[in-house]
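As provided, run.txt (compact mmCIF, C-alpha atoms and all ligand atoms) reads as follows.
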# COMPACT_ATOMS: atom_id res chain seq x y z
CA MET A 223 174.37 166.74 258.94
CA ASP A 224 174.66 164.34 256.00
CA ILE A 225 171.23 163.21 254.91
CA THR A 226 171.05 160.57 252.18
CA TYR A 227 167.85 159.82 250.31
CA TYR A 228 168.67 156.15 249.56
CA VAL A 229 165.83 154.77 247.50
CA ALA A 230 164.83 152.54 244.60
CA CYS A 231 162.80 154.02 241.77
CA THR A 232 161.49 152.96 238.38
CA VAL A 233 162.76 154.36 235.10
CA ASP A 234 159.68 156.62 235.08
CA GLY A 235 160.45 157.96 238.55
CA TYR A 236 158.13 156.07 240.90
CA ILE A 237 159.01 154.51 244.27
CA ALA A 238 155.78 152.54 244.65
CA THR A 239 152.53 151.76 242.87
CA PRO A 240 149.60 154.15 243.51
CA GLU A 241 148.55 151.77 246.34
CA GLY A 242 152.06 151.80 247.85
CA GLY A 243 153.12 148.41 246.52
CA VAL A 244 156.75 147.51 245.90
CA ASP A 245 156.33 143.95 244.58
CA TRP A 246 158.04 145.10 241.36
CA LEU A 247 161.27 145.18 243.41
CA THR A 248 161.05 141.50 244.41
CA PRO A 249 162.73 140.05 241.29
CA PHE A 250 165.76 142.23 242.06
CA HIS A 251 166.32 140.96 245.61
CA GLY A 252 169.33 138.68 245.37
CA ASP A 253 172.83 138.08 246.59
CA ASP A 254 173.94 141.68 246.05
CA ASP A 255 172.80 144.13 248.72
CA TYR A 256 173.63 147.13 246.50
CA GLY A 257 175.81 148.74 249.19
CA PHE A 258 172.94 148.79 251.66
CA SER A 259 174.89 147.23 254.59
CA GLU A 260 177.66 149.78 254.23
CA MET A 261 175.24 152.71 254.06
CA TYR A 262 173.19 151.37 256.98
CA ARG A 263 176.25 150.71 259.15
CA ASP A 264 177.39 154.31 258.76
CA VAL A 265 174.14 156.10 259.61
CA ASP A 266 173.15 157.28 263.08
CA GLY A 267 169.42 157.10 262.44
CA VAL A 268 166.56 156.64 259.99
CA LEU A 269 163.91 159.14 258.89
CA MET A 270 160.60 158.25 257.29
CA GLY A 271 157.15 159.60 256.57
CA SER A 272 154.05 157.94 257.94
CA GLY A 273 153.22 156.43 254.53
CA THR A 274 156.47 154.51 254.55
CA TYR A 275 156.07 153.67 258.24
CA GLU A 276 152.59 152.26 257.74
CA PHE A 277 153.93 150.10 254.94
CA ALA A 278 156.77 148.90 257.20
CA LEU A 279 154.27 148.14 259.98
CA GLN A 280 152.76 145.45 257.74
CA GLN A 281 156.03 143.50 257.93
CA LYS A 282 156.36 140.91 260.70
CA THR A 283 159.37 142.47 262.44
CA TRP A 284 160.67 146.01 262.66
CA PRO A 285 163.65 146.08 260.27
CA SER A 286 165.94 148.61 262.00
CA LYS A 287 165.83 147.86 265.74
CA ASP A 288 169.53 148.72 266.11
CA LYS A 289 169.13 152.31 264.88
CA PRO A 290 166.82 155.03 266.17
CA SER A 291 164.08 155.97 263.71
CA TRP A 292 161.98 159.12 263.48
CA VAL A 293 158.57 158.90 261.88
CA PHE A 294 157.03 162.15 260.68
CA THR A 295 153.30 162.22 261.30
CA GLY A 296 150.56 164.45 262.61
CA ARG A 297 148.66 161.38 263.75
CA SER A 298 148.88 159.08 266.73
CA LEU A 299 150.20 155.83 265.25
CA PRO A 300 151.14 152.57 267.00
CA LEU A 301 154.79 152.25 268.00
CA ALA A 302 156.44 149.40 266.11
CA ASP A 303 159.50 149.25 268.36
CA PRO A 304 161.12 151.18 271.25
CA SER A 305 163.68 152.50 268.73
CA VAL A 306 160.89 154.47 266.97
CA THR A 307 160.00 158.09 267.79
CA LEU A 308 156.92 159.73 266.30
CA THR A 309 157.29 163.43 265.59
CA SER A 310 154.96 166.14 264.34
CA ASP A 311 157.82 168.65 264.11
CA GLU A 312 159.11 170.15 260.87
CA PRO A 313 162.12 168.39 259.26
CA ALA A 314 164.51 171.30 259.99
CA LYS A 315 163.66 171.25 263.70
CA VAL A 316 164.16 167.50 263.97
CA VAL A 317 167.47 167.67 262.11
CA GLU A 318 168.63 170.51 264.39
CA GLU A 319 167.80 168.42 267.46
CA LEU A 320 169.57 165.33 266.12
CA THR A 321 172.60 167.44 265.18
CA SER A 322 172.74 168.79 268.74
CA LYS A 323 172.76 165.18 269.95
CA GLY A 324 175.95 164.59 267.98
CA MET A 325 174.43 162.69 265.06
CA LYS A 326 176.25 163.11 261.76
CA ARG A 327 174.56 160.91 259.15
CA LEU A 328 170.94 160.03 258.57
CA TRP A 329 169.18 157.78 256.10
CA LEU A 330 166.12 159.42 254.63
CA MET A 331 164.19 156.28 253.76
CA GLY A 332 161.32 158.13 252.15
CA GLY A 333 158.80 158.26 250.92
CA GLY A 334 158.43 160.81 248.22
CA LYS A 335 156.29 163.22 250.25
CA LEU A 336 158.72 163.44 253.15
CA ALA A 337 161.70 163.65 250.78
CA THR A 338 159.95 166.56 249.04
CA SER A 339 159.72 168.39 252.39
CA PHE A 340 163.37 167.71 253.13
CA ARG A 341 164.37 168.96 249.68
CA ALA A 342 162.25 172.10 250.08
CA SER A 343 164.18 172.85 253.28
CA GLY A 344 167.54 172.19 251.61
CA LEU A 345 168.26 169.27 253.92
CA ILE A 346 169.14 166.48 251.45
CA THR A 347 172.91 166.31 251.00
CA ASP A 348 173.07 163.03 249.04
CA TYR A 349 170.83 161.15 246.64
CA MET A 350 171.55 157.43 246.31
CA ILE A 351 169.11 156.41 243.62
CA PHE A 352 168.74 152.85 242.37
CA VAL A 353 167.10 152.97 238.97
CA ILE A 354 165.20 149.71 238.50
CA PRO A 355 164.60 148.56 234.91
CA VAL A 356 160.83 148.77 235.25
CA VAL A 357 158.27 151.26 233.94
CA LEU A 358 155.17 151.45 236.15
CA GLY A 359 153.20 154.11 234.30
CA GLU A 360 151.78 155.52 237.52
CA GLY A 361 152.62 155.53 241.19
CA ILE A 362 154.09 157.44 244.12
CA PRO A 363 156.79 159.76 242.77
CA LEU A 364 160.40 159.89 243.97
CA LEU A 365 159.78 163.59 244.61
CA ALA A 366 156.62 165.61 244.16
CA ALA A 367 156.44 168.20 241.39
CA GLY A 368 157.35 171.79 242.10
CA GLY A 369 159.99 173.58 244.08
CA HIS A 370 163.29 175.19 243.21
CA LEU A 371 166.12 173.91 241.02
CA ASP A 372 168.85 171.95 242.80
CA GLN A 373 172.18 171.47 241.04
CA LEU A 374 173.76 168.09 241.81
CA ASP A 375 177.23 166.61 241.34
CA LEU A 376 177.58 163.00 240.21
CA ILE A 377 179.85 161.28 242.74
CA GLU A 378 179.62 157.70 241.48
CA SER A 379 177.60 155.45 239.24
CA GLN A 380 177.50 151.69 238.98
CA SER A 381 175.53 149.34 236.81
CA TYR A 382 174.60 145.81 237.85
CA PRO A 383 174.17 142.76 235.57
CA ASN A 384 170.42 142.69 236.31
CA GLY A 385 169.96 146.15 234.79
CA ILE A 386 169.88 148.22 237.99
CA VAL A 387 171.94 151.42 237.90
CA ARG A 388 173.09 153.08 241.12
CA LEU A 389 173.49 156.83 240.95
CA HIS A 390 175.11 158.75 243.78
CA TYR A 391 174.61 162.50 243.54
CA GLN A 392 175.56 165.19 246.03
CA SER A 393 174.03 168.63 246.39
CA ALA A 394 176.43 171.07 244.74
N1 LIG A 401 161.10 152.23 246.51
C1 LIG A 401 161.63 152.55 247.68
O1 LIG A 401 162.86 152.44 247.88
C2 LIG A 401 160.75 153.12 248.75
C3 LIG A 401 161.34 153.76 249.86
C4 LIG A 401 160.51 154.30 250.81
C5 LIG A 401 159.13 154.24 250.69
N2 LIG A 401 158.59 153.61 249.61
C6 LIG A 401 157.14 153.54 249.45
O2 LIG A 401 156.63 154.86 249.47
C7 LIG A 401 155.30 154.83 249.95
C8 LIG A 401 155.06 156.02 250.88
O3 LIG A 401 155.49 157.22 250.25
P1 LIG A 401 154.63 158.56 250.32
O4 LIG A 401 155.34 159.60 249.57
O5 LIG A 401 153.22 158.24 249.95
O6 LIG A 401 154.56 158.88 251.88
P2 LIG A 401 155.68 159.25 252.99
O7 LIG A 401 156.56 160.34 252.50
O8 LIG A 401 156.30 158.02 253.51
O9 LIG A 401 154.73 159.83 254.16
C9 LIG A 401 154.01 161.02 253.95
C10 LIG A 401 153.17 161.34 255.18
O10 LIG A 401 154.03 161.69 256.29
C11 LIG A 401 153.37 162.63 257.10
N3 LIG A 401 154.21 163.82 257.29
C12 LIG A 401 154.45 164.45 258.48
N4 LIG A 401 155.26 165.48 258.33
C13 LIG A 401 155.56 165.56 257.01
C14 LIG A 401 156.34 166.47 256.24
N5 LIG A 401 157.03 167.47 256.80
N6 LIG A 401 156.42 166.27 254.90
C15 LIG A 401 155.77 165.25 254.31
N7 LIG A 401 154.99 164.37 254.99
C16 LIG A 401 154.89 164.52 256.33
C17 LIG A 401 152.04 162.97 256.44
O11 LIG A 401 151.01 162.13 256.97
P3 LIG A 401 150.32 162.27 258.40
O12 LIG A 401 150.88 163.50 259.08
O13 LIG A 401 148.87 162.37 258.10
O14 LIG A 401 150.67 161.01 259.14
C18 LIG A 401 152.28 162.55 255.00
O15 LIG A 401 151.11 162.21 254.30
C19 LIG A 401 155.10 153.50 250.63
O16 LIG A 401 154.20 152.73 249.87
C20 LIG A 401 156.46 152.84 250.60
O17 LIG A 401 156.37 151.48 250.34
C21 LIG A 401 159.38 153.06 248.63
Translate the structure described by the file into structure tokens.
Amino acid sequence: MDITYYVACTVDGYIATPEGGVDWLTPFHGDDDYGFSEMYRDVDGVLMGSGTYEFALQQKTWPSKDKPSWVFTGRSLPLADPSVTLTSDEPAKVVEELTSKGMKRLWLMGGGKLATSFRASGLITDYMIFVIPVVLGEGIPLLAAGGHLDQLDLIESQSYPNGIVRLHYQSA
């Protein structure tokens, strides 16, 4: 299974403010979709932690109705859309089930806590990191501290006129 952690982070390694805010990304929303459509078209499903899900629930419409999503949570949360499945299973078990259903590519949307669990289980095959030219000083980290060393290969990098740099790494 290919699992891509496709995410935007600040130069100091945060994906959101301590309160979960991503307003610092707003000035960078423009004509370029930073390869998002291509990535999204090619995935069979979306994975997210409950922190990310609860943030998405605040939006007016569910953004990925055309793809099945799995939300990792130990709680009973409202269902945003019929395409959403809540799961309290471990990442490896969920990935095994989705693999047995014939799925080949998944977008690990985040956040940092769920991505840390996926990394700990050796499940992240690709990192597609968009470094945003912003320093927040504090926030929710891209990945939590700790764990083993992972060697990565740089597959591609691209810089954009607005200062964003896209880094595509693969697990070696
Ligand atoms: N910049 C970006 O591109 C980007 C992308 C994604 C998200 N975000 C931001 O990131 C923030 C959320 O990130 P986060 O790191 O705080 O939370 P998160 O990873 O989205 O969710 C973590 C929560 O998921 C649940 N969970 C269930 N099984 C888990 C497991 N195996 N490993 C880890 N968590 C598991 C736990 O809560 P319960 O079991 O109690 O429900 C846990 O507290 C949001 O504010 C969102 O806006 C930013």
With a cut-off of 8 Å, could you pull out the residues of chain A touching ligand LIG 401 (chain A) and give me the nearest pair of atoms for each, distance in Å to one decimal, using all atoms listed in the file, ordered by chain and ascending number, as JSON lines?
{"residue": "A:Tyr228", "atom": "CA", "partner": "A:LIG401", "partner_atom": "O1", "distance": 7.1}
{"residue": "A:Val229", "atom": "CA", "partner": "A:LIG401", "partner_atom": "O1", "distance": 3.8}
{"residue": "A:Ala230", "atom": "CA", "partner": "A:LIG401", "partner_atom": "O1", "distance": 3.8}
{"residue": "A:Cys231", "atom": "CA", "partner": "A:LIG401", "partner_atom": "N1", "distance": 5.3}
{"residue": "A:Tyr236", "atom": "CA", "partner": "A:LIG401", "partner_atom": "N1", "distance": 7.4}
{"residue": "A:Ile237", "atom": "CA", "partner": "A:LIG401", "partner_atom": "N1", "distance": 3.8}
{"residue": "A:Ala238", "atom": "CA", "partner": "A:LIG401", "partner_atom": "C6", "distance": 5.1}
{"residue": "A:Thr239", "atom": "CA", "partner": "A:LIG401", "partner_atom": "O16", "distance": 7.3}
{"residue": "A:Pro240", "atom": "CA", "partner": "A:LIG401", "partner_atom": "O16", "distance": 8.0}
{"residue": "A:Glu241", "atom": "CA", "partner": "A:LIG401", "partner_atom": "O16", "distance": 6.7}
{"residue": "A:Gly242", "atom": "CA", "partner": "A:LIG401", "partner_atom": "O16", "distance": 3.1}
{"residue": "A:Gly243", "atom": "CA", "partner": "A:LIG401", "partner_atom": "O16", "distance": 5.6}
{"residue": "A:Val244", "atom": "CA", "partner": "A:LIG401", "partner_atom": "O17", "distance": 6.0}
{"residue": "A:Leu247", "atom": "CA", "partner": "A:LIG401", "partner_atom": "N1", "distance": 7.7}
{"residue": "A:Met270", "atom": "CA", "partner": "A:LIG401", "partner_atom": "O8", "distance": 5.7}
{"residue": "A:Gly271", "atom": "CA", "partner": "A:LIG401", "partner_atom": "O9", "distance": 3.4}
{"residue": "A:Ser272", "atom": "CA", "partner": "A:LIG401", "partner_atom": "O10", "distance": 4.1}
{"residue": "A:Gly273", "atom": "CA", "partner": "A:LIG401", "partner_atom": "O8", "distance": 3.6}
{"residue": "A:Thr274", "atom": "CA", "partner": "A:LIG401", "partner_atom": "O8", "distance": 3.7}
{"residue": "A:Tyr275", "atom": "CA", "partner": "A:LIG401", "partner_atom": "O8", "distance": 6.4}
{"residue": "A:Glu276", "atom": "CA", "partner": "A:LIG401", "partner_atom": "C19", "distance": 7.6}
{"residue": "A:Phe277", "atom": "CA", "partner": "A:LIG401", "partner_atom": "O17", "distance": 5.4}
{"residue": "A:Ala278", "atom": "CA", "partner": "A:LIG401", "partner_atom": "O17", "distance": 7.3}
{"residue": "A:Val293", "atom": "CA", "partner": "A:LIG401", "partner_atom": "C12", "distance": 7.7}
{"residue": "A:Phe294", "atom": "CA", "partner": "A:LIG401", "partner_atom": "C12", "distance": 4.1}
{"residue": "A:Thr295", "atom": "CA", "partner": "A:LIG401", "partner_atom": "O12", "distance": 3.5}
{"residue": "A:Gly296", "atom": "CA", "partner": "A:LIG401", "partner_atom": "O12", "distance": 3.7}
{"residue": "A:Arg297", "atom": "CA", "partner": "A:LIG401", "partner_atom": "O14", "distance": 5.0}
{"residue": "A:Thr309", "atom": "CA", "partner": "A:LIG401", "partner_atom": "C12", "distance": 7.7}
{"residue": "A:Ser310", "atom": "CA", "partner": "A:LIG401", "partner_atom": "N4", "distance": 6.1}
{"residue": "A:Asp311", "atom": "CA", "partner": "A:LIG401", "partner_atom": "N4", "distance": 7.1}
{"residue": "A:Glu312", "atom": "CA", "partner": "A:LIG401", "partner_atom": "N5", "distance": 5.3}
{"residue": "A:Pro313", "atom": "CA", "partner": "A:LIG401", "partner_atom": "N5", "distance": 5.7}
{"residue": "A:Met331", "atom": "CA", "partner": "A:LIG401", "partner_atom": "C4", "distance": 5.1}
{"residue": "A:Gly332", "atom": "CA", "partner": "A:LIG401", "partner_atom": "C4", "distance": 4.1}
{"residue": "A:Gly333", "atom": "CA", "partner": "A:LIG401", "partner_atom": "O7", "distance": 3.4}
{"residue": "A:Gly334", "atom": "CA", "partner": "A:LIG401", "partner_atom": "O4", "distance": 3.6}
{"residue": "A:Lys335", "atom": "CA", "partner": "A:LIG401", "partner_atom": "O7", "distance": 3.7}
{"residue": "A:Leu336", "atom": "CA", "partner": "A:LIG401", "partner_atom": "C15", "distance": 3.7}
{"residue": "A:Ala337", "atom": "CA", "partner": "A:LIG401", "partner_atom": "O7", "distance": 6.4}
{"residue": "A:Thr338", "atom": "CA", "partner": "A:LIG401", "partner_atom": "N6", "distance": 6.8}
{"residue": "A:Ser339", "atom": "CA", "partner": "A:LIG401", "partner_atom": "N6", "distance": 4.7}
{"residue": "A:Phe340", "atom": "CA", "partner": "A:LIG401", "partner_atom": "N6", "distance": 7.3}
{"residue": "A:Ile362", "atom": "CA", "partner": "A:LIG401", "partner_atom": "O5", "distance": 5.9}
{"residue": "A:Pro363", "atom": "CA", "partner": "A:LIG401", "partner_atom": "O4", "distance": 7.0}
{"residue": "A:Leu364", "atom": "CA", "partner": "A:LIG401", "partner_atom": "O4", "distance": 7.6}
{"residue": "A:Leu365", "atom": "CA", "partner": "A:LIG401", "partner_atom": "O4", "distance": 7.8}
Could you state the separation of CA of Met350 in chain A and CA of Leu320 in chain A in Å, given to one decimal place?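 Result for CA of Met350 in chain A versus CA of Leu320 in chain A: 21.4 Å, one decimal.
Using only C-alpha atoms, the nearest neighbour of Arg263 in chain A within the list A:His390, A:Ile346, A:Asn384, A:Asp288 is A:Asp288.
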Would you compute the distance between CA of Ser379 in chain A and CA of Tyr391 in chain A? Give it in Å to one decimal.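 Straight-line distance from CA of Ser379 in chain A to CA of Tyr391 in chain A works out to 8.8 Å.
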What gap, in Å, lies between CA of Tyr262 in chain A and CA of Ser381 in chain A?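 Separation of CA of Tyr262 in chain A and CA of Ser381 in chain A: 20.4 Å.
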Taking into account only C-alpha atoms, which residue in the set A:Leu389, A:Leu330, A:Ala366, A:Val233 is nearest to Gly257 in chain A?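 Of all the options, A:Leu389 lies closest to Gly257 in chain A.
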Between A:Asp375, A:Ile354, A:Glu360, A:Asp266, smallest distance to Pro249 in chain A by all atoms listed in the file belongs to A:Ile354
